[in-house]
Amino acid sequence: IIKNSLNLEWINSLEIEEKGYYRIGTDYFEKQNFEKAVEYFEKYLSENENIDDDLTYFYYYLGQAYQGIQNYEKALGNLQLTKFSKEDNAKAYYTTQFLKAISYYKINNLEESLNSLKEVITSERNDEIYLRSLVNYGSYCLNSGISERQEEAFKTFNSIIKGDGIDTKKIKKSFLDKTSSIAYYNLALFHKIKNEFHLAKSNYQKALETCENL
């Protein structure tokens, strides 16, 4: 056992020497082993704290890895260190806003979460991250327990179903159908909250019908 353990340590040391902590962390990230990804990313950071390189992508992946292990404070802290440009790398910039919104929501900061989602929505990118942001915005508003926010959710989910501002050329039909099903389901929840059970039942049924087409 000791011999095998020493051999494994030796093999691991060779892998670290060959690939480096960052690359190993990335490998684990791609396998969705976020706990290991965080471990190796942090080792990389501890050895490179004083370098002048732009670590934007590093913090982007480290933030997502922390989200993967549900450490949302750490996730947010790393995502806030990214320096993506709206002009030069809009996709990464708005994806980061979307990820920050999730972390804000998970640490019970609803307003900052909605503000981050609004930045994506008002960009009018009309792509998948835009649509995901609409869904989350509606869901967070609906679950807020605040009447005004719930009315916003109602409008948001209706606009998703109507396809307002959504470029169908940029988004796969399967994802559009899935999103519509989610929107109908959340409208059913809205009507249930309002004790409008006939409308709730109707939207539940539409959610199931749309889901069956996937």
# chains A, B, ... in the order shown; residues from 1 in each chain; ligands from 1

call {"tool": "residues_around", "arguments": {"residues": "Ile171 of chain A", "least_positions_apart": "2", "cutoff": "9 Å", "atoms": "only C-alpha atoms", "output": "number ranges by chain"}}
result
A: 126-128, 131, 166-169, 173-176

call {"tool": "write_last_selection", "arguments": {"atoms": "N, CA and C atoms", "output": "compact mmCIF listing (two decimals), in the first residue's frame"}}
result
# COMPACT_ATOMS: atom_id res chain seq x y z
N ASN A 126 -30.18 39.08 -27.37
CA ASN A 126 -31.14 38.14 -27.97
C ASN A 126 -30.57 36.75 -28.21
N ASP A 127 -29.59 36.36 -27.39
CA ASP A 127 -29.01 35.03 -27.53
C ASP A 127 -29.41 34.17 -26.34
N GLU A 128 -28.74 33.02 -26.18
CA GLU A 128 -29.13 32.08 -25.12
C GLU A 128 -28.93 32.67 -23.72
N LEU A 131 -31.74 34.91 -22.92
CA LEU A 131 -32.97 34.18 -22.59
C LEU A 131 -32.88 33.56 -21.19
N ILE A 166 -36.64 38.03 -28.97
CA ILE A 166 -35.82 36.82 -29.03
C ILE A 166 -35.50 36.50 -30.49
N ASP A 167 -34.24 36.38 -30.79
CA ASP A 167 -33.79 36.07 -32.15
C ASP A 167 -33.71 34.55 -32.30
N THR A 168 -34.69 33.97 -32.97
CA THR A 168 -34.75 32.50 -33.09
C THR A 168 -33.60 31.94 -33.93
N LYS A 169 -32.91 32.80 -34.67
CA LYS A 169 -31.77 32.34 -35.46
C LYS A 169 -30.54 32.08 -34.58
N LYS A 173 -33.95 25.53 -31.38
CA LYS A 173 -35.40 25.37 -31.14
C LYS A 173 -35.66 24.57 -29.87
N SER A 174 -34.84 23.56 -29.60
CA SER A 174 -35.04 22.74 -28.40
C SER A 174 -34.93 23.58 -27.13
N PHE A 175 -33.99 24.55 -27.15
CA PHE A 175 -33.83 25.41 -25.98
C PHE A 175 -35.00 26.39 -25.88
N LEU A 176 -35.48 26.89 -27.02
CA LEU A 176 -36.65 27.78 -27.02
C LEU A 176 -37.87 27.06 -26.45

call {"tool": "residues_around", "arguments": {"residues": "segment 133-145 of chain A", "least_positions_apart": "6", "cutoff": "6 Å", "atoms": "only C-alpha atoms", "output": "tab-separated table (two decimals) with all heavy atoms, in the first residue's frame"}}
result
chain	number	residue	atom	x	y	z
A	117	LEU	N	-28.85	40.88	-13.82
A	117	LEU	CA	-29.66	40.29	-14.89
A	117	LEU	C	-30.19	41.37	-15.83
A	117	LEU	O	-30.24	41.18	-17.05
A	117	LEU	CB	-30.82	39.49	-14.30
A	117	LEU	CG	-30.44	38.21	-13.56
A	117	LEU	CD1	-31.64	37.61	-12.86
A	117	LEU	CD2	-29.81	37.19	-14.52
A	153	ALA	N	-42.68	39.39	-12.83
A	153	ALA	CA	-42.48	38.01	-13.27
A	153	ALA	C	-43.54	37.61	-14.29
A	153	ALA	O	-43.23	36.99	-15.31
A	153	ALA	CB	-42.52	37.07	-12.06
A	156	THR	N	-42.73	39.14	-17.54
A	156	THR	CA	-41.51	38.54	-18.11
A	156	THR	C	-41.82	37.20	-18.77
A	156	THR	O	-41.40	36.93	-19.90
A	156	THR	CB	-40.44	38.36	-17.02
A	156	THR	OG1	-40.11	39.64	-16.47
A	156	THR	CG2	-39.18	37.72	-17.60

call {"tool": "atom_distance", "arguments": {"atom1": "atom CA of Val120 of chain A", "atom2": "atom CA of Phe157 of chain A"}}
result
16.4 Å

call {"tool": "residues_around", "arguments": {"residues": "segment 87-97 of chain A", "least_positions_apart": "4", "cutoff": "8 Å", "atoms": "only C-alpha atoms", "output": "number ranges by chain"}}
result
A: 60, 79, 101, 116-117, 119-120, 129

call {"tool": "atom_distance", "arguments": {"atom1": "atom CA of Lys194 of chain A", "atom2": "atom CA of Ser147 of chain A"}}
result
10.0 Å

call {"tool": "select_by_dssp", "arguments": {"residues": "segment 19-126 of chain A", "states": "helix (DSSP H, G or I)", "output": "VMD selection string"}}
result
chain A and resid 19 21 to 30 34 to 47 56 to 68 72 to 79 90 to 106 110 to 122

call {"tool": "residues_around", "arguments": {"residues": "Asn33 of chain A", "least_positions_apart": "2", "cutoff": "12 Å", "atoms": "only C-alpha atoms", "output": "PDB file with N, CA and C atoms, in the first residue's frame"}}
result
ATOM      1  N   ILE A  24      -4.071  21.554 -14.883  1.00  0.00           N
ATOM      2  CA  ILE A  24      -4.724  20.454 -14.166  1.00  0.00           C
ATOM      3  C   ILE A  24      -6.085  20.914 -13.643  1.00  0.00           C
ATOM      4  N   GLY A  25      -6.118  22.134 -13.103  1.00  0.00           N
ATOM      5  CA  GLY A  25      -7.384  22.692 -12.637  1.00  0.00           C
ATOM      6  C   GLY A  25      -8.407  22.785 -13.755  1.00  0.00           C
ATOM      7  N   THR A  26      -7.954  23.192 -14.932  1.00  0.00           N
ATOM      8  CA  THR A  26      -8.839  23.290 -16.097  1.00  0.00           C
ATOM      9  C   THR A  26      -9.362  21.921 -16.507  1.00  0.00           C
ATOM     10  N   ASP A  27      -8.486  20.915 -16.459  1.00  0.00           N
ATOM     11  CA  ASP A  27      -8.908  19.548 -16.781  1.00  0.00           C
ATOM     12  C   ASP A  27     -10.020  19.091 -15.843  1.00  0.00           C
ATOM     13  N   TYR A  28      -9.848  19.341 -14.554  1.00  0.00           N
ATOM     14  CA  TYR A  28     -10.879  18.966 -13.583  1.00  0.00           C
ATOM     15  C   TYR A  28     -12.158  19.772 -13.804  1.00  0.00           C
ATOM     16  N   PHE A  29     -12.002  21.045 -14.161  1.00  0.00           N
ATOM     17  CA  PHE A  29     -13.162  21.907 -14.425  1.00  0.00           C
ATOM     18  C   PHE A  29     -13.989  21.336 -15.579  1.00  0.00           C
ATOM     19  N   GLU A  30     -13.313  20.934 -16.643  1.00  0.00           N
ATOM     20  CA  GLU A  30     -14.008  20.387 -17.811  1.00  0.00           C
ATOM     21  C   GLU A  30     -14.723  19.079 -17.489  1.00  0.00           C
ATOM     22  N   LYS A  31     -14.213  18.345 -16.502  1.00  0.00           N
ATOM     23  CA  LYS A  31     -14.850  17.096 -16.055  1.00  0.00           C
ATOM     24  C   LYS A  31     -15.910  17.366 -14.996  1.00  0.00           C
ATOM     25  N   GLU A  35     -14.571  20.587  -7.058  1.00  0.00           N
ATOM     26  CA  GLU A  35     -13.791  20.602  -5.818  1.00  0.00           C
ATOM     27  C   GLU A  35     -12.296  20.512  -6.115  1.00  0.00           C
ATOM     28  N   LYS A  36     -11.941  19.586  -7.025  1.00  0.00           N
ATOM     29  CA  LYS A  36     -10.540  19.440  -7.420  1.00  0.00           C
ATOM     30  C   LYS A  36     -10.082  20.646  -8.240  1.00  0.00           C
ATOM     31  N   ALA A  37     -10.963  21.164  -9.065  1.00  0.00           N
ATOM     32  CA  ALA A  37     -10.625  22.339  -9.869  1.00  0.00           C
ATOM     33  C   ALA A  37     -10.249  23.502  -8.959  1.00  0.00           C
ATOM     34  N   VAL A  38     -11.066  23.744  -7.932  1.00  0.00           N
ATOM     35  CA  VAL A  38     -10.777  24.813  -6.971  1.00  0.00           C
ATOM     36  C   VAL A  38      -9.424  24.578  -6.302  1.00  0.00           C
ATOM     37  N   GLU A  39      -9.165  23.337  -5.909  1.00  0.00           N
ATOM     38  CA  GLU A  39      -7.906  23.005  -5.220  1.00  0.00           C
ATOM     39  C   GLU A  39      -6.694  23.392  -6.065  1.00  0.00           C
ATOM     40  N   TYR A  40      -6.707  23.024  -7.346  1.00  0.00           N
ATOM     41  CA  TYR A  40      -5.543  23.297  -8.199  1.00  0.00           C
ATOM     42  C   TYR A  40      -5.494  24.746  -8.668  1.00  0.00           C
ATOM     43  N   GLN A  64     -16.647  30.159 -11.375  1.00  0.00           N
ATOM     44  CA  GLN A  64     -17.606  29.124 -11.737  1.00  0.00           C
ATOM     45  C   GLN A  64     -17.378  27.842 -10.945  1.00  0.00           C
ATOM     46  N   ALA A  65     -16.108  27.513 -10.693  1.00  0.00           N
ATOM     47  CA  ALA A  65     -15.786  26.313  -9.913  1.00  0.00           C
ATOM     48  C   ALA A  65     -16.329  26.456  -8.487  1.00  0.00           C
ATOM     49  N   TYR A  66     -16.183  27.637  -7.908  1.00  0.00           N
ATOM     50  CA  TYR A  66     -16.729  27.860  -6.567  1.00  0.00           C
ATOM     51  C   TYR A  66     -18.255  27.772  -6.573  1.00  0.00           C
ATOM     52  N   GLN A  67     -18.888  28.239  -7.656  1.00  0.00           N
ATOM     53  CA  GLN A  67     -20.338  28.058  -7.763  1.00  0.00           C
ATOM     54  C   GLN A  67     -20.684  26.574  -7.792  1.00  0.00           C
ATOM     55  N   GLY A  68     -19.836  25.799  -8.473  1.00  0.00           N
ATOM     56  CA  GLY A  68     -20.072  24.362  -8.590  1.00  0.00           C
ATOM     57  C   GLY A  68     -20.053  23.635  -7.258  1.00  0.00           C
ATOM     58  N   ILE A  69     -19.331  24.192  -6.268  1.00  0.00           N
ATOM     59  CA  ILE A  69     -19.312  23.580  -4.929  1.00  0.00           C
ATOM     60  C   ILE A  69     -20.163  24.399  -3.950  1.00  0.00           C
TER      61      ILE A  69
END

call {"tool": "closest_residue", "arguments": {"among": "A:Tyr21, A:Phe98, A:Tyr105, A:Phe41", "to": "Arg132 of chain A", "atoms": "only C-alpha atoms"}}
result
A:Phe98

call {"tool": "decode", "arguments": {"residues": "segment 150-163 of chain A", "atoms": "all heavy atoms", "output": "mmCIF file, in the first residue's frame"}}
result
data_model
loop_
_atom_site.group_PDB
_atom_site.id
_atom_site.type_symbol
_atom_site.label_atom_id
_atom_site.label_comp_id
_atom_site.auth_asym_id
_atom_site.auth_seq_id
_atom_site.Cartn_x
_atom_site.Cartn_y
_atom_site.Cartn_z
ATOM 1 N N GLN A 150 -43.695 40.128 -8.327
ATOM 2 C CA GLN A 150 -44.426 39.016 -8.918
ATOM 3 C C GLN A 150 -45.163 39.439 -10.186
ATOM 4 O O GLN A 150 -45.285 38.661 -11.133
ATOM 5 C CB GLN A 150 -45.385 38.418 -7.886
ATOM 6 C CG GLN A 150 -44.641 37.669 -6.784
ATOM 7 C CD GLN A 150 -45.522 37.242 -5.634
ATOM 8 O OE1 GLN A 150 -46.611 37.799 -5.433
ATOM 9 N NE2 GLN A 150 -45.067 36.262 -4.863
ATOM 10 N N GLU A 151 -45.633 40.681 -10.186
ATOM 11 C CA GLU A 151 -46.256 41.209 -11.408
ATOM 12 C C GLU A 151 -45.213 41.344 -12.522
ATOM 13 O O GLU A 151 -45.519 41.109 -13.697
ATOM 14 C CB GLU A 151 -46.908 42.573 -11.122
ATOM 15 C CG GLU A 151 -48.124 42.498 -10.214
ATOM 16 C CD GLU A 151 -49.295 41.731 -10.824
ATOM 17 O OE1 GLU A 151 -49.398 41.685 -12.064
ATOM 18 O OE2 GLU A 151 -50.096 41.186 -10.054
ATOM 19 N N GLU A 152 -43.991 41.726 -12.153
ATOM 20 C CA GLU A 152 -42.901 41.774 -13.131
ATOM 21 C C GLU A 152 -42.638 40.388 -13.706
ATOM 22 O O GLU A 152 -42.385 40.230 -14.901
ATOM 23 C CB GLU A 152 -41.621 42.299 -12.476
ATOM 24 C CG GLU A 152 -41.530 43.786 -12.300
ATOM 25 C CD GLU A 152 -40.141 44.211 -11.833
ATOM 26 O OE1 GLU A 152 -39.219 44.231 -12.671
ATOM 27 O OE2 GLU A 152 -39.989 44.501 -10.631
ATOM 28 N N ALA A 153 -42.684 39.393 -12.832
ATOM 29 C CA ALA A 153 -42.477 38.009 -13.269
ATOM 30 C C ALA A 153 -43.542 37.607 -14.291
ATOM 31 O O ALA A 153 -43.234 36.988 -15.312
ATOM 32 C CB ALA A 153 -42.517 37.067 -12.065
ATOM 33 N N PHE A 154 -44.784 37.970 -13.996
ATOM 34 C CA PHE A 154 -45.899 37.665 -14.905
ATOM 35 C C PHE A 154 -45.633 38.236 -16.298
ATOM 36 O O PHE A 154 -45.783 37.550 -17.318
ATOM 37 C CB PHE A 154 -47.195 38.235 -14.327
ATOM 38 C CG PHE A 154 -48.392 38.077 -15.215
ATOM 39 C CD1 PHE A 154 -49.010 36.846 -15.352
ATOM 40 C CD2 PHE A 154 -48.897 39.167 -15.920
ATOM 41 C CE1 PHE A 154 -50.121 36.698 -16.176
ATOM 42 C CE2 PHE A 154 -50.000 39.036 -16.745
ATOM 43 C CZ PHE A 154 -50.618 37.795 -16.873
ATOM 44 N N LYS A 155 -45.224 39.495 -16.346
ATOM 45 C CA LYS A 155 -44.932 40.147 -17.630
ATOM 46 C C LYS A 155 -43.745 39.491 -18.333
ATOM 47 O O LYS A 155 -43.753 39.300 -19.560
ATOM 48 C CB LYS A 155 -44.643 41.637 -17.411
ATOM 49 C CG LYS A 155 -45.844 42.440 -16.941
ATOM 50 C CD LYS A 155 -45.459 43.879 -16.633
ATOM 51 C CE LYS A 155 -46.630 44.666 -16.077
ATOM 52 N NZ LYS A 155 -46.243 46.043 -15.683
ATOM 53 N N THR A 156 -42.730 39.143 -17.542
ATOM 54 C CA THR A 156 -41.514 38.541 -18.114
ATOM 55 C C THR A 156 -41.815 37.198 -18.767
ATOM 56 O O THR A 156 -41.396 36.932 -19.904
ATOM 57 C CB THR A 156 -40.437 38.363 -17.022
ATOM 58 O OG1 THR A 156 -40.110 39.638 -16.471
ATOM 59 C CG2 THR A 156 -39.179 37.717 -17.598
ATOM 60 N N PHE A 157 -42.561 36.343 -18.075
ATOM 61 C CA PHE A 157 -42.843 35.013 -18.622
ATOM 62 C C PHE A 157 -43.790 35.081 -19.812
ATOM 63 O O PHE A 157 -43.667 34.292 -20.751
ATOM 64 C CB PHE A 157 -43.386 34.093 -17.527
ATOM 65 C CG PHE A 157 -42.332 33.690 -16.528
ATOM 66 C CD1 PHE A 157 -42.468 33.983 -15.194
ATOM 67 C CD2 PHE A 157 -41.172 33.038 -16.950
ATOM 68 C CE1 PHE A 157 -41.479 33.625 -14.285
ATOM 69 C CE2 PHE A 157 -40.181 32.684 -16.051
ATOM 70 C CZ PHE A 157 -40.340 32.971 -14.713
ATOM 71 N N ASN A 158 -44.697 36.037 -19.800
ATOM 72 C CA ASN A 158 -45.555 36.220 -20.974
ATOM 73 C C ASN A 158 -44.748 36.679 -22.181
ATOM 74 O O ASN A 158 -44.994 36.243 -23.315
ATOM 75 C CB ASN A 158 -46.664 37.230 -20.669
ATOM 76 C CG ASN A 158 -47.909 36.564 -20.126
ATOM 77 O OD1 ASN A 158 -48.412 35.613 -20.717
ATOM 78 N ND2 ASN A 158 -48.396 37.033 -18.995
ATOM 79 N N SER A 159 -43.763 37.547 -21.955
ATOM 80 C CA SER A 159 -42.939 38.034 -23.067
ATOM 81 C C SER A 159 -42.072 36.907 -23.634
ATOM 82 O O SER A 159 -41.815 36.864 -24.844
ATOM 83 C CB SER A 159 -42.063 39.205 -22.623
ATOM 84 O OG SER A 159 -41.016 38.778 -21.781
ATOM 85 N N ILE A 160 -41.637 35.983 -22.767
ATOM 86 C CA ILE A 160 -40.857 34.830 -23.241
ATOM 87 C C ILE A 160 -41.714 33.962 -24.151
ATOM 88 O O ILE A 160 -41.279 33.534 -25.230
ATOM 89 C CB ILE A 160 -40.329 34.009 -22.038
ATOM 90 C CG1 ILE A 160 -39.236 34.786 -21.300
ATOM 91 C CG2 ILE A 160 -39.785 32.656 -22.502
ATOM 92 C CD1 ILE A 160 -38.812 34.160 -19.991
ATOM 93 N N ILE A 161 -42.949 33.693 -23.729
ATOM 94 C CA ILE A 161 -43.849 32.846 -24.517
ATOM 95 C C ILE A 161 -44.170 33.492 -25.864
ATOM 96 O O ILE A 161 -44.216 32.818 -26.901
ATOM 97 C CB ILE A 161 -45.137 32.563 -23.717
ATOM 98 C CG1 ILE A 161 -44.817 31.634 -22.540
ATOM 99 C CG2 ILE A 161 -46.210 31.943 -24.611
ATOM 100 C CD1 ILE A 161 -45.898 31.558 -21.501
ATOM 101 N N LYS A 162 -44.342 34.809 -25.856
ATOM 102 C CA LYS A 162 -44.629 35.524 -27.107
ATOM 103 C C LYS A 162 -43.403 35.641 -27.999
ATOM 104 O O LYS A 162 -43.513 35.921 -29.194
ATOM 105 C CB LYS A 162 -45.165 36.926 -26.790
ATOM 106 C CG LYS A 162 -46.535 36.937 -26.148
ATOM 107 C CD LYS A 162 -46.934 38.363 -25.768
ATOM 108 C CE LYS A 162 -48.255 38.398 -25.031
ATOM 109 N NZ LYS A 162 -48.590 39.770 -24.562
ATOM 110 N N GLY A 163 -42.222 35.447 -27.395
ATOM 111 C CA GLY A 163 -40.980 35.556 -28.169
ATOM 112 C C GLY A 163 -40.517 36.977 -28.375
ATOM 113 O O GLY A 163 -39.741 37.254 -29.303
#
